[in-house]
file input14.txt (compact mmCIF, C-alpha atoms)
# COMPACT_ATOMS: atom_id res chain seq x y z
CA MET A 1 28.73 8.25 -26.34
CA PRO A 2 27.21 6.65 -23.19
CA THR A 3 25.80 3.43 -24.65
CA ILE A 4 23.05 1.54 -22.86
CA THR A 5 24.19 -1.98 -22.05
CA THR A 6 21.34 -3.44 -19.99
CA ALA A 7 17.89 -2.47 -18.74
CA ARG A 8 15.68 -4.25 -16.23
CA ALA A 9 12.36 -3.71 -14.50
CA ARG A 10 10.73 -4.90 -11.30
CA LEU A 11 7.50 -4.32 -9.40
CA VAL A 12 7.35 -3.30 -5.74
CA ASP A 13 4.20 -3.00 -3.63
CA LEU A 14 4.00 -0.27 -1.01
CA GLU A 15 1.29 -0.13 1.62
CA VAL A 16 -0.33 3.27 2.00
CA GLU A 17 1.11 5.36 4.81
CA THR A 18 -2.34 6.45 5.98
CA VAL A 19 -5.99 5.88 5.06
CA ARG A 20 -6.80 7.92 1.94
CA THR A 21 -10.34 8.26 0.58
CA ASP A 22 -12.07 10.51 -1.91
CA ALA A 23 -15.49 10.67 -3.57
CA VAL A 24 -14.92 7.64 -5.80
CA GLN A 25 -12.19 5.40 -4.36
CA SER A 26 -9.70 4.52 -1.67
CA PHE A 27 -5.93 4.40 -2.15
CA VAL A 28 -5.36 0.64 -1.84
CA LYS A 29 -1.59 0.41 -2.28
CA GLN A 30 1.11 1.92 -4.42
CA GLU A 31 2.30 -0.46 -7.11
CA THR A 32 5.72 0.97 -7.98
CA VAL A 33 7.45 -0.10 -11.18
CA PHE A 34 11.21 0.47 -11.17
CA VAL A 35 13.48 0.55 -14.22
CA GLU A 36 17.26 0.48 -13.96
CA ILE A 37 19.40 1.32 -16.99
CA ASP A 38 23.16 0.63 -17.13
CA THR A 39 25.58 2.36 -19.51
CA ASP A 40 29.05 1.40 -20.64
CA ASP A 41 30.63 4.28 -18.70
CA GLY A 42 29.66 2.63 -15.42
CA LEU A 43 26.56 4.64 -14.51
CA THR A 44 23.14 3.31 -13.57
CA GLY A 45 19.98 5.38 -13.83
CA THR A 46 16.91 4.52 -11.78
CA GLY A 47 13.42 5.53 -12.82
CA TYR A 48 9.93 4.67 -11.64
CA SER A 49 6.21 5.07 -12.12
CA TYR A 50 3.21 3.86 -10.15
CA THR A 51 -0.43 2.89 -9.89
CA ILE A 52 -2.67 3.15 -6.83
CA GLY A 53 -3.68 -0.47 -6.71
CA THR A 54 -4.33 -1.98 -10.15
CA GLY A 55 -2.43 -2.43 -13.39
CA GLY A 56 1.09 -2.64 -12.06
CA ARG A 57 1.75 -6.04 -13.58
CA ALA A 58 0.43 -4.85 -16.94
CA VAL A 59 2.92 -1.96 -16.87
CA LEU A 60 5.69 -4.39 -15.95
CA SER A 61 4.72 -6.68 -18.84
CA MET A 62 4.76 -3.78 -21.29
CA LEU A 63 8.31 -3.03 -20.21
CA ARG A 64 9.62 -6.58 -20.15
CA ASP A 65 7.81 -7.82 -23.27
CA HIS A 66 8.22 -4.79 -25.52
CA LEU A 67 10.18 -1.74 -24.39
CA LEU A 68 13.32 -2.78 -22.53
CA ASP A 69 14.67 -4.86 -25.44
CA LEU A 70 14.81 -1.69 -27.54
CA LEU A 71 17.23 0.06 -25.19
CA PRO A 72 20.60 -1.77 -25.41
CA GLY A 73 22.93 -0.10 -27.91
CA GLN A 74 21.13 3.24 -27.72
CA ASP A 75 22.95 6.44 -26.79
CA ALA A 76 21.58 7.24 -23.34
CA ALA A 77 22.19 10.95 -23.90
CA ASN A 78 19.57 11.04 -26.66
CA VAL A 79 16.62 11.09 -24.28
CA GLU A 80 14.17 12.64 -26.74
CA ALA A 81 15.07 10.18 -29.51
CA ILE A 82 14.67 7.19 -27.20
CA TRP A 83 11.29 8.38 -25.93
CA HIS A 84 10.00 8.78 -29.46
CA ARG A 85 11.36 5.42 -30.58
CA LEU A 86 9.65 3.66 -27.69
CA PHE A 87 6.44 5.57 -28.24
CA ALA A 88 6.44 4.68 -31.94
CA SER A 89 6.94 1.02 -31.10
CA THR A 90 3.68 1.00 -29.10
CA ARG A 91 1.34 2.76 -31.53
CA ALA A 92 -1.35 0.14 -31.03
CA THR A 93 -1.66 1.01 -27.33
CA THR A 94 -1.19 4.79 -27.33
CA THR A 95 -2.45 7.07 -25.96
CA GLY A 96 -3.16 4.95 -22.90
CA ALA A 97 -2.39 4.66 -19.21
CA ILE A 98 -0.36 1.43 -19.34
CA THR A 99 1.94 2.63 -22.12
CA SER A 100 2.43 6.07 -20.57
CA LEU A 101 3.27 4.60 -17.18
CA ALA A 102 5.78 2.23 -18.78
CA LEU A 103 7.38 5.03 -20.81
CA ALA A 104 7.66 7.14 -17.66
CA ALA A 105 9.67 4.50 -15.82
CA VAL A 106 12.21 4.42 -18.67
CA ASP A 107 12.25 8.17 -19.22
CA THR A 108 12.85 9.05 -15.58
CA ALA A 109 15.76 6.58 -15.52
CA LEU A 110 17.26 8.31 -18.57
CA TRP A 111 16.90 11.72 -16.92
CA ASP A 112 18.54 10.28 -13.81
CA LEU A 113 21.47 9.22 -16.01
CA LYS A 114 21.55 12.60 -17.77
CA SER A 115 21.74 14.47 -14.48
CA LEU A 116 24.25 12.06 -12.96
CA ARG A 117 26.50 12.45 -15.99
CA ALA A 118 26.20 16.24 -15.81
CA GLY A 119 26.97 16.18 -12.09
CA ALA A 120 23.88 18.36 -11.51
CA PRO A 121 20.52 17.97 -9.77
CA LEU A 122 17.39 17.39 -11.82
CA TRP A 123 15.85 20.78 -11.02
CA GLN A 124 18.80 22.38 -12.84
CA THR A 125 19.16 19.97 -15.77
CA ALA A 126 15.41 20.23 -16.43
CA GLY A 127 15.43 24.03 -16.43
CA GLY A 128 16.81 25.51 -13.23
CA PHE A 129 14.29 28.22 -12.32
CA ARG A 130 14.36 28.01 -8.51
CA ARG A 131 15.18 25.44 -5.87
CA ASP A 132 12.46 26.16 -3.28
CA VAL A 133 8.76 25.76 -4.06
CA PRO A 134 5.55 26.15 -2.02
CA LEU A 135 3.78 23.12 -0.57
CA TYR A 136 0.12 22.41 -0.10
CA ASP A 137 -1.14 19.63 2.16
CA THR A 138 -3.52 16.90 1.00
CA GLU A 139 -2.95 14.40 3.82
CA GLY A 140 -5.19 16.29 6.23
CA GLY A 141 -8.12 16.61 3.82
CA TRP A 142 -9.42 13.12 3.00
CA LEU A 143 -13.14 12.58 2.64
CA HIS A 144 -13.52 10.14 5.55
CA LEU A 145 -12.15 12.64 8.06
CA SER A 146 -14.57 14.46 10.34
CA THR A 147 -14.93 18.22 10.29
CA ASP A 148 -12.99 18.45 13.55
CA GLU A 149 -10.17 16.36 12.08
CA LEU A 150 -10.08 18.55 8.98
CA VAL A 151 -9.82 21.66 11.13
CA GLU A 152 -7.09 20.13 13.28
CA GLY A 153 -5.04 19.21 10.20
CA ALA A 154 -5.55 22.63 8.65
CA ARG A 155 -4.30 24.36 11.78
CA ARG A 156 -1.20 22.17 11.78
CA SER A 157 -0.48 23.11 8.17
CA ARG A 158 -0.90 26.79 8.88
CA ALA A 159 1.33 26.58 11.96
CA ALA A 160 4.01 24.90 9.84
CA GLY A 161 3.98 27.82 7.45
CA TRP A 162 2.49 25.99 4.48
CA ALA A 163 0.77 28.17 1.92
CA GLY A 164 -2.15 25.90 1.03
CA LEU A 165 -4.23 22.83 1.84
CA LYS A 166 -6.69 20.67 -0.07
CA ILE A 167 -10.00 19.19 1.06
CA LYS A 168 -11.79 16.38 -0.73
CA VAL A 169 -15.41 17.14 -1.67
CA GLY A 170 -18.29 15.02 -2.89
CA MET A 171 -20.31 14.44 0.28
CA PRO A 172 -23.88 13.23 -0.32
CA HIS A 173 -25.30 16.74 0.18
CA VAL A 174 -23.75 20.02 -0.87
CA ALA A 175 -24.47 21.43 2.59
CA ASP A 176 -22.10 18.86 4.10
CA ASP A 177 -19.28 19.94 1.79
CA VAL A 178 -19.93 23.61 2.54
CA GLU A 179 -20.05 23.03 6.29
CA ARG A 180 -16.68 21.26 6.24
CA LEU A 181 -15.06 23.86 4.02
CA ARG A 182 -16.46 26.77 6.02
CA ALA A 183 -15.04 25.30 9.24
CA VAL A 184 -11.61 24.98 7.65
CA ARG A 185 -11.72 28.46 6.14
CA ASP A 186 -12.70 29.95 9.49
CA ALA A 187 -9.86 28.06 11.18
CA VAL A 188 -7.07 29.18 8.83
CA GLY A 189 -8.29 32.61 7.77
CA ASP A 190 -8.31 34.27 4.38
CA ARG A 191 -4.58 34.25 3.63
CA MET A 192 -4.15 30.50 3.22
CA ASP A 193 -4.95 28.95 -0.16
CA LEU A 194 -7.79 26.43 0.09
CA MET A 195 -8.22 23.92 -2.73
CA VAL A 196 -10.93 21.27 -3.21
CA ASP A 197 -10.89 18.02 -5.18
CA ALA A 198 -13.99 16.19 -6.48
CA ASN A 199 -12.10 13.32 -8.19
CA GLN A 200 -14.28 13.27 -11.33
CA SER A 201 -17.36 12.46 -9.27
CA MET A 202 -19.90 15.03 -10.51
CA THR A 203 -22.21 15.65 -13.43
CA GLY A 204 -21.96 18.97 -15.19
CA ALA A 205 -25.11 20.26 -13.50
CA GLU A 206 -24.00 19.17 -10.04
CA ALA A 207 -20.53 20.66 -10.52
CA ALA A 208 -22.06 24.01 -11.48
CA ARG A 209 -24.36 23.84 -8.47
CA ARG A 210 -21.57 23.06 -6.03
CA ALA A 211 -19.24 25.63 -7.56
CA ARG A 212 -21.87 28.32 -6.87
CA ALA A 213 -22.10 27.12 -3.27
CA PHE A 214 -18.29 27.11 -2.92
CA GLU A 215 -17.62 30.55 -4.40
CA PRO A 216 -18.04 32.52 -1.14
CA LEU A 217 -15.20 30.43 0.36
CA ASP A 218 -12.60 31.96 -2.00
CA LEU A 219 -11.20 28.63 -3.25
CA PHE A 220 -7.84 28.48 -5.00
CA TRP A 221 -9.15 25.79 -7.35
CA LEU A 222 -11.85 23.17 -7.94
CA GLU A 223 -10.09 19.98 -9.04
CA GLU A 224 -11.41 17.31 -11.42
CA PRO A 225 -15.11 18.06 -10.96
CA LEU A 226 -16.02 16.05 -14.10
CA PRO A 227 -14.69 12.96 -15.91
CA ALA A 228 -11.31 13.78 -17.41
CA ASP A 229 -12.45 13.19 -20.99
CA ASP A 230 -15.27 15.75 -20.71
CA ILE A 231 -13.37 18.72 -22.12
CA GLU A 232 -16.47 20.64 -23.16
CA GLY A 233 -18.03 20.14 -19.75
CA HIS A 234 -14.96 21.58 -18.06
CA ALA A 235 -14.93 24.50 -20.50
CA ARG A 236 -18.59 25.31 -19.72
CA LEU A 237 -17.95 25.05 -16.01
CA ALA A 238 -14.86 27.28 -16.22
CA ARG A 239 -16.96 29.95 -17.95
CA SER A 240 -19.67 29.75 -15.30
CA THR A 241 -17.60 30.10 -12.11
CA SER A 242 -14.94 32.35 -10.65
CA ILE A 243 -13.16 29.32 -9.15
CA PRO A 244 -10.20 28.15 -11.29
CA ILE A 245 -10.70 24.62 -12.64
CA ALA A 246 -7.75 22.28 -12.05
CA VAL A 247 -7.21 19.21 -14.23
CA GLY A 248 -4.43 16.93 -15.38
CA GLU A 249 -3.74 14.00 -13.09
CA SER A 250 -5.87 11.74 -15.30
CA MET A 251 -4.41 12.82 -18.65
CA TYR A 252 -1.88 10.73 -20.50
CA SER A 253 -0.61 12.84 -23.41
CA VAL A 254 0.58 16.33 -24.26
CA ALA A 255 -2.22 16.66 -26.82
CA GLN A 256 -4.91 16.28 -24.15
CA PHE A 257 -3.46 19.24 -22.26
CA ARG A 258 -3.31 21.27 -25.45
CA GLU A 259 -7.03 20.74 -26.03
CA TYR A 260 -7.91 21.77 -22.49
CA LEU A 261 -5.76 24.89 -22.66
CA GLU A 262 -6.95 25.94 -26.12
CA ARG A 263 -10.58 25.71 -25.01
CA GLY A 264 -10.10 27.56 -21.73
CA ALA A 265 -11.05 24.45 -19.74
CA ALA A 266 -8.02 24.45 -17.41
CA GLY A 267 -7.11 27.22 -15.01
CA VAL A 268 -4.49 25.05 -13.28
CA VAL A 269 -2.52 22.18 -14.86
CA GLN A 270 -1.81 19.16 -12.64
CA VAL A 271 0.33 17.07 -14.97
CA ASP A 272 1.60 13.86 -13.33
CA VAL A 273 5.07 12.84 -14.51
CA ALA A 274 4.28 9.12 -14.35
CA ARG A 275 0.90 9.29 -16.05
CA VAL A 276 1.95 11.61 -18.87
CA GLY A 277 4.86 9.38 -19.87
CA GLY A 278 7.89 10.80 -18.09
CA ILE A 279 9.92 13.96 -17.60
CA THR A 280 10.28 14.56 -21.34
CA PRO A 281 6.54 15.07 -21.99
CA TRP A 282 6.03 16.63 -18.53
CA LEU A 283 8.29 19.51 -19.49
CA LYS A 284 6.42 19.96 -22.77
CA VAL A 285 3.14 20.26 -20.89
CA ALA A 286 4.66 22.71 -18.42
CA HIS A 287 6.01 24.95 -21.18
CA LEU A 288 2.74 24.69 -23.10
CA ALA A 289 0.90 25.83 -19.97
CA GLU A 290 3.37 28.69 -19.58
CA ALA A 291 2.49 29.88 -23.08
CA PHE A 292 -1.15 30.06 -21.93
CA ASN A 293 -0.14 31.81 -18.68
CA VAL A 294 -1.37 28.85 -16.61
CA ALA A 295 0.33 27.54 -13.46
CA VAL A 296 1.58 23.96 -13.05
CA CYS A 297 0.75 22.19 -9.76
CA PRO A 298 1.45 18.48 -10.38
CA HIS A 299 -0.38 15.55 -8.87
CA PHE A 300 1.28 13.30 -6.23
CA LEU A 301 4.93 12.05 -6.51
CA MET A 302 6.25 14.96 -4.45
CA GLU A 303 9.75 13.47 -4.24
CA LEU A 304 10.12 13.83 -8.01
CA HIS A 305 7.82 16.75 -8.70
CA VAL A 306 9.66 19.07 -6.31
CA SER A 307 12.54 19.16 -8.81
CA LEU A 308 10.29 19.61 -11.83
CA VAL A 309 8.22 22.40 -10.28
CA GLY A 310 11.52 24.08 -9.42
CA ALA A 311 12.69 23.69 -13.01
CA VAL A 312 10.00 25.78 -14.71
CA PRO A 313 8.87 29.41 -14.29
CA ASN A 314 5.18 28.56 -13.92
CA GLY A 315 5.66 25.85 -11.30
CA ARG A 316 3.34 26.96 -8.50
CA TYR A 317 2.79 24.19 -5.93
CA VAL A 318 3.96 20.72 -4.89
CA GLU A 319 1.35 18.40 -3.36
CA TYR A 320 2.37 16.91 -0.02
CA ILE A 321 1.49 13.20 0.10
CA PRO A 322 4.43 11.19 1.49
CA GLN A 323 4.43 7.63 0.16
CA LEU A 324 8.07 6.61 -0.42
CA ARG A 325 9.44 6.78 3.12
CA ALA A 326 9.45 3.00 3.51
CA ILE A 327 11.91 2.60 0.61
CA THR A 328 14.04 5.75 0.81
CA HIS A 329 16.66 7.22 3.09
CA GLY A 330 15.68 10.67 4.27
CA GLU A 331 12.61 12.76 3.48
CA LEU A 332 11.59 15.75 1.46
CA GLU A 333 13.40 18.78 2.89
CA ILE A 334 10.98 21.47 4.05
CA VAL A 335 12.04 24.88 5.33
CA ASP A 336 9.56 27.58 6.37
CA GLY A 337 6.71 25.82 4.60
CA ARG A 338 8.57 25.43 1.32
CA ALA A 339 10.03 22.27 -0.20
CA LEU A 340 13.65 22.28 -1.33
CA ALA A 341 14.64 20.36 -4.45
CA PRO A 342 17.56 17.98 -3.78
CA LEU A 343 21.05 19.21 -4.60
CA GLN A 344 22.68 15.85 -5.33
CA PRO A 345 23.11 14.85 -8.99
CA GLY A 346 20.34 12.77 -10.55
CA LEU A 347 16.71 12.60 -9.51
CA GLY A 348 17.80 13.28 -5.95
CA ILE A 349 15.89 10.35 -4.42
CA CYS A 350 18.06 8.24 -2.11
CA TRP A 351 16.62 4.75 -2.53
CA ASP A 352 16.87 2.15 0.22
CA LEU A 353 17.80 -0.81 -1.96
CA ASP A 354 17.40 -3.39 0.81
CA ALA A 355 13.89 -2.17 1.57
CA ILE A 356 13.03 -2.27 -2.12
CA ASP A 357 14.35 -5.82 -2.43
CA ASP A 358 12.18 -6.87 0.50
CA ARG A 359 9.06 -5.63 -1.27
CA ILE A 360 9.57 -6.99 -4.79
CA VAL A 361 6.51 -8.89 -6.02
CA ALA A 362 7.55 -9.45 -9.64
call {"tool": "encode", "arguments": {"input": "input14.txt", "output": "structure tokens"}}
result
Amino acid sequence: MPTITTARARLVDLEVETVRTDAVQSFVKQETVFVEIDTDDGLTGTGYSYTIGTGGRAVLSMLRDHLLDLLPGQDAANVEAIWHRLFASTRATTTGAITSLALAAVDTALWDLKSLRAGAPLWQTAGGFRRDVPLYDTEGGWLHLSTDELVEGARRSRAAGWAGLKIKVGMPHVADDVERLRAVRDAVGDRMDLMVDANQSMTGAEAARRARAFEPLDLFWLEEPLPADDIEGHARLARSTSIPIAVGESMYSVAQFREYLERGAAGVVQVDVARVGGITPWLKVAHLAEAFNVAVCPHFLMELHVSLVGAVPNGRYVEYIPQLRAITHGELEIVDGRALAPLQPGLGICWDLDAIDDRIVA
């Protein structure tokens, strides 16, 4: 029985690697919360979660004040039992972003330990469907970029063999969005998947209007057109357009995904391992989506999601947004436009501990 002896958490701030803007916000910085868990057999598991600029210290406080003290003495192999015990201890704050982000940092550390102990990479211990997965590019599609810059980035992605790219929408006039998207579609042709992301910026009426304008462009999905808690609005929109509706990055529980899927409001599931509470609930969402014949294309965290998308049969895409290069050795391995899940045991992320130490803020 691998017994947990100690657990600790710390907060690291990472500057964004490039300017990132969408219809409602800018990516200010990545607040990264790390959890390290030691066991009596000499192993240490490292997990993490994040915010994009606010709330990191609240997540850290949740861990230090409430969750980490529950870990010593627990059998680290009982990942499901530990997740449920921690969740039950925070009933007053669930379901909520702070609690889910804190749970995720612990849960990913436990999965790191599980895979290390098994001597196997995460993509196998979590399911083992395939190692290589398609990539789509988001870095070349931010809202502040000019049409010429969007086209230039799209051509680079196509030349690299990537299967898809995503453009942010939500310009003041629908004609501006259409003009930008048409230029990109003309540049890459009809055989490259083109996604768009509205970042919850639209009303139901405006989303329906823009979806009609976008339909001739043969989009792969329309992402987060409405506020994430507007399930009925997404269901109505999904019924009114041929464009698949993608949701999930702003959902924090398995039950939220169940409601979307049951009501036909999600054509693509974008579950984020940090925001949903860790690998344990992420896999439940992925298998739930599989039961509804819906693909999983998770949000952000490509260094971790590459293994999870490779673990499940309905994993469809990994989103390319590099953000950990300042604190890791090496980069995501990409061959012929496809990302390869790491082969080394554990999460497969080679942390640069000195660089992390230099960036600790709490």
call {"tool": "axis_aligned_box", "arguments": {"input": "input14.txt", "around": "region 40-47 of chain A", "padding_each_side": "4 Å", "output": "JSON"}}
result
{"center_x": 22.0, "center_y": 3.5, "center_z": -16.2, "size_x": 25.2, "size_y": 12.1, "size_z": 16.9}
call {"tool": "residues_around", "arguments": {"input": "input14.txt", "residues": "Asp13 (chain A)", "least_positions_apart": "4", "cutoff": "12 Å", "atoms": "all atoms listed in the file", "output": "list in words"}}
result
Val28, Lys29, Gln30, Glu31, Thr32, Val33, Phe34, Ser49, Tyr50, Thr51, Ile52, Gly53, Thr54, Gly55, Gly56, Arg57, Gln323, Leu324, Ala326, Ile327, Ala355, Ile356, Asp357, Asp358, Arg359, Ile360, Val361 and Ala362 of chain A
call {"tool": "residues_around", "arguments": {"input": "input14.txt", "residues": "Leu347 (chain A)", "least_positions_apart": "4", "cutoff": "8 Å", "atoms": "only C-alpha atoms", "output": "PyMOL selection string"}}
result
chain A and resi 111-112+115+121-122+304+307+342
call {"tool": "residues_around", "arguments": {"input": "input14.txt", "residues": "region 266-274 of chain A", "least_positions_apart": "2", "cutoff": "7 Å", "atoms": "only C-alpha atoms", "output": "MDAnalysis selection string"}}
result
chainID A and resid 49:50 101 104 244:249 260:261 264 276:279 282 294:299
call {"tool": "residues_around", "arguments": {"input": "input14.txt", "residues": "Ile82 (chain A)", "least_positions_apart": "3", "cutoff": "10 Å", "atoms": "all atoms listed in the file", "output": "VMD selection string"}}
result
chain A and resid 70 to 71 74 to 79 85 to 88 103 106 to 107 110
call {"tool": "residues_around", "arguments": {"input": "input14.txt", "residues": "Ala102 (chain A)", "least_positions_apart": "6", "cutoff": "7 Å", "atoms": "only C-alpha atoms", "output": "list of chain:residue names"}}
result
A:Val59, A:Met62, A:Leu63
call {"tool": "closest_residue", "arguments": {"input": "input14.txt", "among": "A:Ile167, A:Met202, A:Leu68, A:Ile37", "to": "Val24 (chain A)", "atoms": "all atoms listed in the file"}}
result
A:Met202
call {"tool": "closest_residue", "arguments": {"input": "input14.txt", "among": "A:Ala97, A:Ala228, A:Val188, A:Leu237", "to": "Ala205 (chain A)", "atoms": "only C-alpha atoms"}}
result
A:Leu237
call {"tool": "atom_distance", "arguments": {"input": "input14.txt", "atom1": "CA of Ser253 (chain A)", "atom2": "CA of Pro281 (chain A)"}}
result
7.6 Å
call {"tool": "closest_residue", "arguments": {"input": "input14.txt", "among": "A:Pro216, A:Gly73, A:Gly233, A:Gly141", "to": "Asp197 (chain A)", "atoms": "only C-alpha atoms"}}
result
A:Gly141
call {"tool": "closest_residue", "arguments": {"input": "input14.txt", "among": "A:Val318, A:Ser201, A:Arg325, A:Asp229", "to": "Asp22 (chain A)", "atoms": "all atoms listed in the file"}}
result
A:Ser201
call {"tool": "closest_residue", "arguments": {"input": "input14.txt", "among": "A:Asp190, A:Asp38, A:Asp148, A:Glu224", "to": "Ala7 (chain A)", "atoms": "only C-alpha atoms"}}
result
A:Asp38
call {"tool": "closest_residue", "arguments": {"input": "input14.txt", "among": "A:Leu14, A:Ala238, A:Ala118, A:Leu217", "to": "Phe27 (chain A)", "atoms": "only C-alpha atoms"}}
result
A:Leu14
call {"tool": "decode", "arguments": {"input": "input14.txt", "residues": "region 236-244 of chain A", "atoms": "all heavy atoms", "output": "compact mmCIF listing (two decimals), in the first residue's frame"}}
result
# COMPACT_ATOMS: atom_id res chain seq x y z
N ARG A 236 -31.34 25.47 -28.27
CA ARG A 236 -32.08 26.12 -29.36
C ARG A 236 -31.18 26.44 -30.53
O ARG A 236 -31.54 26.23 -31.70
CB ARG A 236 -32.75 27.41 -28.85
CG ARG A 236 -33.97 27.19 -27.97
CD ARG A 236 -34.78 28.49 -27.87
NE ARG A 236 -33.97 29.59 -27.34
CZ ARG A 236 -33.86 29.91 -26.06
NH1 ARG A 236 -34.49 29.18 -25.15
NH2 ARG A 236 -33.12 30.93 -25.68
N LEU A 237 -29.99 26.96 -30.21
CA LEU A 237 -29.05 27.30 -31.28
C LEU A 237 -28.62 26.05 -32.05
O LEU A 237 -28.54 26.07 -33.29
CB LEU A 237 -27.84 28.01 -30.69
CG LEU A 237 -26.77 28.46 -31.69
CD1 LEU A 237 -27.35 29.50 -32.66
CD2 LEU A 237 -25.56 29.04 -30.96
N ALA A 238 -28.34 24.97 -31.33
CA ALA A 238 -27.91 23.73 -31.98
C ALA A 238 -28.98 23.22 -32.95
O ALA A 238 -28.65 22.67 -34.01
CB ALA A 238 -27.60 22.67 -30.93
N ARG A 239 -30.26 23.41 -32.58
CA ARG A 239 -31.34 22.96 -33.45
C ARG A 239 -31.50 23.85 -34.69
O ARG A 239 -32.06 23.43 -35.70
CB ARG A 239 -32.67 22.92 -32.68
CG ARG A 239 -32.73 21.84 -31.61
CD ARG A 239 -34.14 21.67 -31.08
NE ARG A 239 -34.64 22.85 -30.39
CZ ARG A 239 -34.54 23.05 -29.07
NH1 ARG A 239 -33.94 22.13 -28.31
NH2 ARG A 239 -35.03 24.15 -28.51
N SER A 240 -31.00 25.07 -34.60
CA SER A 240 -31.25 26.04 -35.66
C SER A 240 -30.13 26.14 -36.69
O SER A 240 -30.28 26.82 -37.70
CB SER A 240 -31.48 27.43 -35.05
OG SER A 240 -30.26 27.97 -34.55
N THR A 241 -28.99 25.49 -36.44
CA THR A 241 -27.83 25.64 -37.33
C THR A 241 -27.22 24.29 -37.65
O THR A 241 -27.31 23.34 -36.85
CB THR A 241 -26.77 26.56 -36.71
OG1 THR A 241 -25.66 26.69 -37.61
CG2 THR A 241 -26.25 26.02 -35.38
N SER A 242 -26.58 24.24 -38.81
CA SER A 242 -25.85 23.02 -39.19
C SER A 242 -24.45 22.98 -38.60
O SER A 242 -23.77 21.96 -38.68
CB SER A 242 -25.74 22.94 -40.72
OG SER A 242 -25.01 24.05 -41.23
N ILE A 243 -24.01 24.08 -37.98
CA ILE A 243 -22.66 24.13 -37.40
C ILE A 243 -22.70 23.46 -36.03
O ILE A 243 -23.51 23.83 -35.17
CB ILE A 243 -22.18 25.59 -37.23
CG1 ILE A 243 -22.22 26.33 -38.56
CG2 ILE A 243 -20.76 25.60 -36.66
CD1 ILE A 243 -21.94 27.82 -38.44
N PRO A 244 -21.84 22.47 -35.76
CA PRO A 244 -21.79 21.88 -34.42
C PRO A 244 -21.44 22.91 -33.36
O PRO A 244 -20.59 23.79 -33.58
CB PRO A 244 -20.68 20.83 -34.54
CG PRO A 244 -20.60 20.52 -36.01
CD PRO A 244 -20.92 21.81 -36.70
